[in-house]
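*Asks:* Mind looking over this structure? Questions follow.
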Amino acid sequence: MKRITEQPSKYNHLEKMTVKELLTNINQEDALVPIAIARVIPEIEALVEVVVDRLKKGGRLFYIGAGTSGRLGIVDASECPPTFGVPDEMVIGIIAGGDAAIRKAQEFAEDSDLQAWKDLDGFFIDKKDVVIGIAASGTTPYVIGGLKKCQEMGIATGCLTNNPGAPLTEVADFPIVIEVGPEFVTGSTRMKSGTSQKLVLNMITTAAMVQLGRVVGNKMVDMQLSNNKLVDRGTKMVMQETELPYEEAEKLLLQEGSVRKAVEEHFKR
């Protein structure tokens, strides 16, 4: 398999570039990412449909990955509860090497093809759930082994990779291959590949949460009120929906705990 992600950068002598040249060239490469994603929207759609189906039936969405890919899965999973007010256990990110790997690379953690299933099994995963493996190279043993075992157990699988023909696609029921081309710094998949993964993860969970009714109009009506900025934002949402003055809207919001509940309570009166 020819790994596009490992091909030489089309730029050379980076150390001789000015800061402006470096930034301009990186930006030009980054601009290719949404174009590449646009080509695979049908594949993303198919995976989202499965995710929505599983979540509606009480299942969960799992991400598994190593290094940058694993961290991106954890970021997306961790942002779902505060953004959409869903339980912490609805979307779960797992990284090779455990939580210590979030901040610091764990040597050889990604090389075990058995560990991902052990990590998933710790959550009592079953057929109601769906697992998405994330790996730019598409060859990471941790991710491939995890998805392969999931398939054997009848659990729906998807994947995000940046290399066509990658072994990872063979163990994913719903493979997504985002061809962003060689990286600006050869092999540094934290760049375009990582950016593409982040964007697609945003698409998957946002679309799924909208389908689950966690957004009304265009507003995060179930967001957690975890800081003053969000309380202020929520208060203004309540004001817009109820025409209450700020102080009353804020009081109602804090009393009910969410924009959705505050608005519902107001119209019950």
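To be explicit about the labels: the chains of the structure tokens are called A, B, and onward in the order shown, and within each one the residues are counted from 1, while ligands get numbers from 1 in the order they are shown.
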Quick one: contact table of stretch 92-146 of chain A to stretch 77-81 of chain A, 12 Å max, nearest atom pair and distance in Å to one decimal per residue, counting only C-alpha atoms, chain and number order, as JSON lines?
*Replies:*
{"residue": "A:Ile92", "atom": "CA", "partner": "A:Ala77", "partner_atom": "CA", "distance": 5.4}
{"residue": "A:Gly93", "atom": "CA", "partner": "A:Ala77", "partner_atom": "CA", "distance": 5.6}
{"residue": "A:Ile94", "atom": "CA", "partner": "A:Ala77", "partner_atom": "CA", "distance": 9.4}
{"residue": "A:Ile95", "atom": "CA", "partner": "A:Ala77", "partner_atom": "CA", "distance": 11.7}
{"residue": "A:Ile132", "atom": "CA", "partner": "A:Ala77", "partner_atom": "CA", "distance": 11.7}
*Asks:* Would you export the selected residues with N, CA and C atoms as an mmCIF file, in the first residue's frame, please?
*Replies:*
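Writing the result to result.cif gives the following:
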data_model
loop_
_atom_site.group_PDB
_atom_site.id
_atom_site.type_symbol
_atom_site.label_atom_id
_atom_site.label_comp_id
_atom_site.auth_asym_id
_atom_site.auth_seq_id
_atom_site.Cartn_x
_atom_site.Cartn_y
_atom_site.Cartn_z
ATOM 1 N N ILE A 92 -17.807 8.363 23.888
ATOM 2 C CA ILE A 92 -16.632 8.022 24.683
ATOM 3 C C ILE A 92 -15.398 7.918 23.788
ATOM 4 N N GLY A 93 -14.361 8.641 24.148
ATOM 5 C CA GLY A 93 -13.104 8.578 23.414
ATOM 6 C C GLY A 93 -12.081 7.738 24.165
ATOM 7 N N ILE A 94 -11.437 6.831 23.448
ATOM 8 C CA ILE A 94 -10.421 5.961 24.048
ATOM 9 C C ILE A 94 -9.132 6.108 23.258
ATOM 10 N N ILE A 95 -8.021 6.282 23.967
ATOM 11 C CA ILE A 95 -6.727 6.458 23.319
ATOM 12 C C ILE A 95 -5.763 5.355 23.739
ATOM 13 N N ILE A 132 -15.962 3.961 16.088
ATOM 14 C CA ILE A 132 -15.257 4.591 14.974
ATOM 15 C C ILE A 132 -13.759 4.589 15.282
#
*Asks:* Which residues are close to A:Val216, i.e. within 12 Å by only C-alpha atoms, leaving aside same-chain residues fewer than 3 positions away? Reply as a ChimeraX atom specification.
*Replies:* /A:84,209-213,219-223,237,241,259-260,263
*Asks:* May I have the residues from that selection written out with N, CA and C atoms, as a PDB file, in the first residue's frame?
*Replies:*
ATOM      1  N   PHE A  84     -24.181  19.816  24.236  1.00  0.00           N
ATOM      2  CA  PHE A  84     -25.516  19.308  23.922  1.00  0.00           C
ATOM      3  C   PHE A  84     -26.277  18.768  25.132  1.00  0.00           C
ATOM      4  N   MET A 209     -26.393  15.000  16.947  1.00  0.00           N
ATOM      5  CA  MET A 209     -27.094  15.661  18.046  1.00  0.00           C
ATOM      6  C   MET A 209     -28.277  16.485  17.548  1.00  0.00           C
ATOM      7  N   VAL A 210     -28.153  17.085  16.379  1.00  0.00           N
ATOM      8  CA  VAL A 210     -29.294  17.785  15.791  1.00  0.00           C
ATOM      9  C   VAL A 210     -30.419  16.790  15.516  1.00  0.00           C
ATOM     10  N   GLN A 211     -30.071  15.641  14.956  1.00  0.00           N
ATOM     11  CA  GLN A 211     -31.063  14.606  14.662  1.00  0.00           C
ATOM     12  C   GLN A 211     -31.725  14.073  15.935  1.00  0.00           C
ATOM     13  N   LEU A 212     -30.994  14.105  17.034  1.00  0.00           N
ATOM     14  CA  LEU A 212     -31.525  13.641  18.318  1.00  0.00           C
ATOM     15  C   LEU A 212     -32.332  14.718  19.037  1.00  0.00           C
ATOM     16  N   GLY A 213     -32.467  15.891  18.418  1.00  0.00           N
ATOM     17  CA  GLY A 213     -33.272  16.955  19.006  1.00  0.00           C
ATOM     18  C   GLY A 213     -32.552  17.799  20.028  1.00  0.00           C
ATOM     19  N   LYS A 219     -29.870  26.758  18.101  1.00  0.00           N
ATOM     20  CA  LYS A 219     -29.363  27.054  19.444  1.00  0.00           C
ATOM     21  C   LYS A 219     -29.112  25.789  20.264  1.00  0.00           C
ATOM     22  N   MET A 220     -28.076  25.873  21.117  1.00  0.00           N
ATOM     23  CA  MET A 220     -27.714  24.773  22.017  1.00  0.00           C
ATOM     24  C   MET A 220     -28.588  24.847  23.270  1.00  0.00           C
ATOM     25  N   VAL A 221     -29.824  24.417  23.144  1.00  0.00           N
ATOM     26  CA  VAL A 221     -30.792  24.621  24.224  1.00  0.00           C
ATOM     27  C   VAL A 221     -30.554  23.722  25.436  1.00  0.00           C
ATOM     28  N   ASP A 222     -29.689  22.719  25.279  1.00  0.00           N
ATOM     29  CA  ASP A 222     -29.404  21.818  26.398  1.00  0.00           C
ATOM     30  C   ASP A 222     -27.975  21.976  26.923  1.00  0.00           C
ATOM     31  N   MET A 223     -27.280  23.016  26.504  1.00  0.00           N
ATOM     32  CA  MET A 223     -25.887  23.200  26.927  1.00  0.00           C
ATOM     33  C   MET A 223     -25.798  23.327  28.447  1.00  0.00           C
ATOM     34  N   MET A 237     -30.868  33.666  25.194  1.00  0.00           N
ATOM     35  CA  MET A 237     -31.731  32.746  24.441  1.00  0.00           C
ATOM     36  C   MET A 237     -33.126  32.724  25.047  1.00  0.00           C
ATOM     37  N   GLU A 241     -36.803  33.930  23.349  1.00  0.00           N
ATOM     38  CA  GLU A 241     -37.945  33.038  23.189  1.00  0.00           C
ATOM     39  C   GLU A 241     -39.165  33.470  24.012  1.00  0.00           C
ATOM     40  N   VAL A 259     -31.776  26.059  28.941  1.00  0.00           N
ATOM     41  CA  VAL A 259     -32.615  26.938  28.140  1.00  0.00           C
ATOM     42  C   VAL A 259     -33.931  26.245  27.797  1.00  0.00           C
ATOM     43  N   ARG A 260     -33.838  24.999  27.391  1.00  0.00           N
ATOM     44  CA  ARG A 260     -35.039  24.252  27.002  1.00  0.00           C
ATOM     45  C   ARG A 260     -36.057  24.215  28.146  1.00  0.00           C
ATOM     46  N   VAL A 263     -37.595  27.734  29.010  1.00  0.00           N
ATOM     47  CA  VAL A 263     -38.619  28.171  28.068  1.00  0.00           C
ATOM     48  C   VAL A 263     -39.905  27.371  28.257  1.00  0.00           C
TER      49      VAL A 263
END
*Asks:* Hey, what does DSSP flag as alpha helix (DSSP H) within stretch 31-158 of chain A? Can you give it to me as a CSV table (one decimal) with N, CA and C atoms, in the first residue's frame?
*Replies:*
chain,number,residue,atom,x,y,z
A,32,LEU,N,-6.9,22.9,1.3
A,32,LEU,CA,-7.3,21.7,0.5
A,32,LEU,C,-8.2,20.7,1.4
A,33,VAL,N,-8.2,20.9,2.7
A,33,VAL,CA,-8.9,19.9,3.6
A,33,VAL,C,-10.4,19.9,3.4
A,34,PRO,N,-11.1,21.1,3.4
A,34,PRO,CA,-12.5,21.0,3.2
A,34,PRO,C,-12.9,20.5,1.8
A,35,ILE,N,-12.1,20.7,0.9
A,35,ILE,CA,-12.4,20.2,-0.5
A,35,ILE,C,-12.3,18.7,-0.5
A,36,ALA,N,-11.3,18.1,0.2
A,36,ALA,CA,-11.2,16.7,0.3
A,36,ALA,C,-12.4,16.1,1.1
A,37,ILE,N,-12.9,16.8,2.1
A,37,ILE,CA,-14.0,16.3,2.9
A,37,ILE,C,-15.3,16.3,2.1
A,38,ALA,N,-15.4,17.4,1.3
A,38,ALA,CA,-16.7,17.5,0.4
A,38,ALA,C,-16.8,16.2,-0.4
A,41,ILE,N,-18.7,13.3,1.6
A,41,ILE,CA,-19.9,13.5,2.4
A,41,ILE,C,-20.9,12.4,2.3
A,42,PRO,N,-21.1,11.7,1.2
A,42,PRO,CA,-22.0,10.5,1.2
A,42,PRO,C,-21.6,9.4,2.2
A,43,GLU,N,-20.3,9.2,2.3
A,43,GLU,CA,-19.8,8.2,3.2
A,43,GLU,C,-20.0,8.7,4.7
A,44,ILE,N,-19.8,10.0,4.9
A,44,ILE,CA,-20.0,10.5,6.3
A,44,ILE,C,-21.5,10.4,6.6
A,45,GLU,N,-22.3,10.7,5.6
A,45,GLU,CA,-23.8,10.6,5.8
A,45,GLU,C,-24.2,9.2,6.3
A,46,ALA,N,-23.7,8.2,5.6
A,46,ALA,CA,-24.0,6.8,5.9
A,46,ALA,C,-23.6,6.4,7.3
A,47,LEU,N,-22.4,6.9,7.7
A,47,LEU,CA,-22.0,6.6,9.1
A,47,LEU,C,-22.9,7.4,10.1
A,48,VAL,N,-23.2,8.6,9.9
A,48,VAL,CA,-24.0,9.4,10.8
A,48,VAL,C,-25.4,8.7,11.0
A,49,GLU,N,-25.9,8.2,9.9
A,49,GLU,CA,-27.3,7.5,10.0
A,49,GLU,C,-27.2,6.4,11.0
A,50,VAL,N,-26.1,5.6,10.9
A,50,VAL,CA,-25.9,4.5,11.9
A,50,VAL,C,-25.7,5.0,13.3
A,51,VAL,N,-24.9,6.0,13.4
A,51,VAL,CA,-24.7,6.6,14.8
A,51,VAL,C,-26.0,7.1,15.4
A,52,VAL,N,-26.8,7.8,14.6
A,52,VAL,CA,-28.1,8.3,15.1
A,52,VAL,C,-29.0,7.1,15.5
A,53,ASP,N,-29.1,6.1,14.7
A,53,ASP,CA,-29.9,4.9,14.9
A,53,ASP,C,-29.5,4.3,16.3
A,54,ARG,N,-28.2,4.1,16.5
A,54,ARG,CA,-27.7,3.4,17.7
A,54,ARG,C,-28.0,4.3,18.9
A,55,LEU,N,-27.7,5.6,18.8
A,55,LEU,CA,-28.0,6.5,20.0
A,55,LEU,C,-29.4,6.6,20.3
A,56,LYS,N,-30.3,6.6,19.3
A,56,LYS,CA,-31.7,6.6,19.6
A,56,LYS,C,-32.2,5.4,20.4
A,67,GLY,N,-2.2,8.4,19.5
A,67,GLY,CA,-1.6,9.7,19.2
A,67,GLY,C,-2.5,10.8,18.9
A,68,THR,N,-2.2,11.6,17.9
A,68,THR,CA,-3.1,12.7,17.5
A,68,THR,C,-4.5,12.3,17.3
A,69,SER,N,-4.7,11.2,16.6
A,69,SER,CA,-6.1,10.7,16.2
A,69,SER,C,-6.8,10.4,17.5
A,70,GLY,N,-6.2,9.7,18.4
A,70,GLY,CA,-6.8,9.4,19.7
A,70,GLY,C,-7.2,10.6,20.5
A,71,ARG,N,-6.3,11.6,20.5
A,71,ARG,CA,-6.6,12.9,21.2
A,71,ARG,C,-7.8,13.6,20.6
A,72,LEU,N,-7.9,13.6,19.3
A,72,LEU,CA,-9.0,14.3,18.6
A,72,LEU,C,-10.3,13.6,19.0
A,73,GLY,N,-10.3,12.3,19.0
A,73,GLY,CA,-11.5,11.6,19.4
A,73,GLY,C,-11.9,11.9,20.8
A,74,ILE,N,-11.0,12.1,21.7
A,74,ILE,CA,-11.3,12.4,23.1
A,74,ILE,C,-11.8,13.8,23.2
A,75,VAL,N,-11.2,14.7,22.4
A,75,VAL,CA,-11.7,16.1,22.4
A,75,VAL,C,-13.2,16.2,22.0
A,76,ASP,N,-13.5,15.5,20.9
A,76,ASP,CA,-14.8,15.5,20.4
A,76,ASP,C,-15.8,14.9,21.4
A,77,ALA,N,-15.4,13.8,22.0
A,77,ALA,CA,-16.3,13.1,22.9
A,77,ALA,C,-16.5,14.0,24.2
A,78,SER,N,-15.5,14.6,24.6
A,78,SER,CA,-15.6,15.4,25.9
A,78,SER,C,-16.4,16.7,25.7
A,79,GLU,N,-16.5,17.2,24.5
A,79,GLU,CA,-17.2,18.4,24.2
A,79,GLU,C,-18.7,18.2,24.0
A,80,CYS,N,-19.2,16.9,23.9
A,80,CYS,CA,-20.6,16.7,23.6
A,80,CYS,C,-21.5,17.0,24.9
A,81,PRO,N,-21.1,16.5,26.1
A,81,PRO,CA,-21.9,16.8,27.2
A,81,PRO,C,-22.1,18.3,27.5
A,82,PRO,N,-21.1,19.2,27.5
A,82,PRO,CA,-21.3,20.6,27.7
A,82,PRO,C,-22.0,21.3,26.6
A,83,THR,N,-21.8,20.8,25.4
A,83,THR,CA,-22.4,21.5,24.2
A,83,THR,C,-23.9,21.1,24.1
A,84,PHE,N,-24.2,19.8,24.2
A,84,PHE,CA,-25.5,19.3,23.9
A,84,PHE,C,-26.3,18.8,25.1
A,100,ALA,N,-3.0,8.8,30.3
A,100,ALA,CA,-1.6,9.4,30.3
A,100,ALA,C,-1.2,9.8,28.9
A,101,ALA,N,-1.7,9.1,27.9
A,101,ALA,CA,-1.3,9.4,26.5
A,101,ALA,C,-1.9,10.7,26.0
A,102,ILE,N,-2.9,11.2,26.7
A,102,ILE,CA,-3.5,12.5,26.2
A,102,ILE,C,-2.5,13.6,26.2
A,103,ARG,N,-1.7,13.6,27.2
A,103,ARG,CA,-0.7,14.7,27.3
A,103,ARG,C,0.7,14.3,26.8
A,115,GLN,N,-5.2,-4.6,22.6
A,115,GLN,CA,-5.5,-3.8,23.7
A,115,GLN,C,-6.8,-2.9,23.5
A,116,ALA,N,-7.1,-2.6,22.3
A,116,ALA,CA,-8.3,-1.7,22.1
A,116,ALA,C,-9.5,-2.5,22.5
A,117,TRP,N,-9.6,-3.8,22.1
A,117,TRP,CA,-10.8,-4.5,22.6
A,117,TRP,C,-10.9,-4.6,24.1
A,118,LYS,N,-9.7,-4.8,24.7
A,118,LYS,CA,-9.7,-4.9,26.2
A,118,LYS,C,-10.3,-3.5,26.8
A,119,ASP,N,-9.8,-2.4,26.1
A,119,ASP,CA,-10.3,-1.1,26.6
A,119,ASP,C,-11.8,-0.9,26.4
A,120,LEU,N,-12.3,-1.4,25.2
A,120,LEU,CA,-13.7,-1.3,24.9
A,120,LEU,C,-14.5,-2.2,25.8
A,121,ASP,N,-14.0,-3.4,26.0
A,121,ASP,CA,-14.7,-4.4,26.8
A,121,ASP,C,-14.9,-3.9,28.3
A,141,PRO,N,-2.1,-0.8,14.5
A,141,PRO,CA,-2.6,-2.1,15.0
A,141,PRO,C,-3.6,-2.0,16.1
A,142,TYR,N,-3.5,-1.0,17.0
A,142,TYR,CA,-4.4,-0.8,18.1
A,142,TYR,C,-5.8,-0.6,17.5
A,143,VAL,N,-5.9,0.2,16.5
A,143,VAL,CA,-7.2,0.6,15.9
A,143,VAL,C,-7.8,-0.6,15.1
A,144,ILE,N,-6.9,-1.1,14.2
A,144,ILE,CA,-7.3,-2.2,13.4
A,144,ILE,C,-7.8,-3.4,14.2
A,145,GLY,N,-7.0,-3.8,15.2
A,145,GLY,CA,-7.4,-4.9,16.1
A,145,GLY,C,-8.7,-4.7,16.8
A,146,GLY,N,-8.9,-3.4,17.2
A,146,GLY,CA,-10.2,-3.1,17.9
A,146,GLY,C,-11.4,-3.2,17.0
A,147,LEU,N,-11.3,-2.7,15.8
A,147,LEU,CA,-12.4,-2.8,14.9
A,147,LEU,C,-12.7,-4.2,14.4
A,148,LYS,N,-11.6,-4.9,14.2
A,148,LYS,CA,-11.8,-6.3,13.7
A,148,LYS,C,-12.6,-7.1,14.8
A,149,LYS,N,-12.2,-7.0,16.0
A,149,LYS,CA,-12.9,-7.7,17.1
A,149,LYS,C,-14.4,-7.2,17.2
A,150,CYS,N,-14.6,-5.9,17.0
A,150,CYS,CA,-16.0,-5.4,17.0
A,150,CYS,C,-16.8,-6.0,15.9
A,151,GLN,N,-16.2,-6.1,14.7
A,151,GLN,CA,-17.0,-6.8,13.6
A,151,GLN,C,-17.3,-8.2,14.0
A,152,GLU,N,-16.3,-8.9,14.6
A,152,GLU,CA,-16.6,-10.3,15.0
A,152,GLU,C,-17.7,-10.4,16.0
*Asks:* Need to verify the contact set: stretch 246-254 of chain A, 9 Å, only C-alpha atoms, exclusion of same-chain residues closer than 5 positions in sequence. Can you return it as an NGL selection string?
*Replies:* :A and (225 or 231-232 or 234-239 or 259-263 or 265-266)
*Asks:* Rounded to one decimal place, report the atom CA of A:Met90-atom CA of A:Gly58 distance in Å.
*Replies:*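 Atom CA of A:Met90 sits 8.5 Å away from atom CA of A:Gly58.
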*Asks:* Between atom CA of A:Pro245 and atom CA of A:Val215, what is the distance in Å, rounded to a tenth?
*Replies:*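 Pair atom CA of A:Pro245 / atom CA of A:Val215 returns 23.4 Å.
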*Asks:* Have a look at atom CA of A:Glu256 and atom CA of A:Gln240 and let me know their distance in Å, one decimal.
*Replies:*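 So the two atoms, atom CA of A:Glu256 and atom CA of A:Gln240, lie 16.6 Å apart.
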*Asks:* As a VMD selection string, please: every residue in stretch 4-228 of chain A that a backbone DSSP assignment puts in strand (DSSP E).
*Replies:* chain A and resid 61 to 65 91 to 95 130 to 134 156 to 161 174 to 177
*Asks:* Would you mind exporting N, CA and C atoms of the selected residues as a compact mmCIF listing (two decimals), in the first residue's frame?
*Replies:*
# COMPACT_ATOMS: atom_id res chain seq x y z
N LEU A 61 -21.61 5.91 21.27
CA LEU A 61 -20.61 6.10 20.22
C LEU A 61 -19.24 6.09 20.86
N PHE A 62 -18.37 5.21 20.36
CA PHE A 62 -16.99 5.12 20.83
C PHE A 62 -16.03 5.56 19.74
N TYR A 63 -14.98 6.26 20.13
CA TYR A 63 -13.86 6.54 19.25
C TYR A 63 -12.65 5.80 19.80
N ILE A 64 -11.86 5.19 18.92
CA ILE A 64 -10.59 4.62 19.34
C ILE A 64 -9.50 5.13 18.40
N GLY A 65 -8.35 5.47 18.98
CA GLY A 65 -7.26 5.97 18.17
C GLY A 65 -5.98 6.04 18.98
N VAL A 91 -20.98 9.51 24.38
CA VAL A 91 -19.88 9.54 23.42
C VAL A 91 -18.58 9.39 24.21
N ILE A 92 -17.81 8.36 23.89
CA ILE A 92 -16.63 8.02 24.68
C ILE A 92 -15.40 7.92 23.79
N GLY A 93 -14.36 8.64 24.15
CA GLY A 93 -13.10 8.58 23.41
C GLY A 93 -12.08 7.74 24.16
N ILE A 94 -11.44 6.83 23.45
CA ILE A 94 -10.42 5.96 24.05
C ILE A 94 -9.13 6.11 23.26
N ILE A 95 -8.02 6.28 23.97
CA ILE A 95 -6.73 6.46 23.32
C ILE A 95 -5.76 5.35 23.74
N VAL A 130 -21.74 1.73 18.56
CA VAL A 130 -21.00 1.87 17.30
C VAL A 130 -19.60 2.38 17.64
N VAL A 131 -18.61 1.87 16.93
CA VAL A 131 -17.21 2.22 17.20
C VAL A 131 -16.58 2.79 15.94
N ILE A 132 -15.96 3.96 16.09
CA ILE A 132 -15.26 4.59 14.97
C ILE A 132 -13.76 4.59 15.28
N GLY A 133 -12.99 3.96 14.41
CA GLY A 133 -11.54 3.95 14.55
C GLY A 133 -10.94 5.10 13.76
N ILE A 134 -9.99 5.80 14.38
CA ILE A 134 -9.38 6.97 13.75
C ILE A 134 -7.87 6.72 13.61
N ALA A 156 -21.34 -2.43 15.05
CA ALA A 156 -21.14 -1.58 13.88
C ALA A 156 -19.83 -0.80 13.99
N THR A 157 -19.10 -0.71 12.88
CA THR A 157 -17.81 -0.03 12.88
C THR A 157 -17.71 0.99 11.75
N GLY A 158 -17.01 2.08 12.04
CA GLY A 158 -16.67 3.08 11.03
C GLY A 158 -15.22 3.44 11.20
N CYS A 159 -14.66 4.16 10.24
CA CYS A 159 -13.28 4.60 10.41
C CYS A 159 -13.03 5.91 9.68
N LEU A 160 -12.05 6.64 10.17
CA LEU A 160 -11.52 7.82 9.49
C LEU A 160 -10.05 7.56 9.22
N THR A 161 -9.66 7.64 7.96
CA THR A 161 -8.26 7.49 7.61
C THR A 161 -7.95 8.42 6.45
N PHE A 174 -18.30 1.13 7.69
CA PHE A 174 -18.53 2.44 7.08
C PHE A 174 -17.21 3.22 7.04
N PRO A 175 -16.36 2.91 6.06
CA PRO A 175 -15.05 3.59 5.98
C PRO A 175 -15.16 4.99 5.37
N ILE A 176 -14.40 5.90 5.93
CA ILE A 176 -14.30 7.25 5.38
C ILE A 176 -12.82 7.52 5.12
N VAL A 177 -12.48 7.75 3.86
CA VAL A 177 -11.09 8.01 3.48
C VAL A 177 -10.98 9.44 2.97
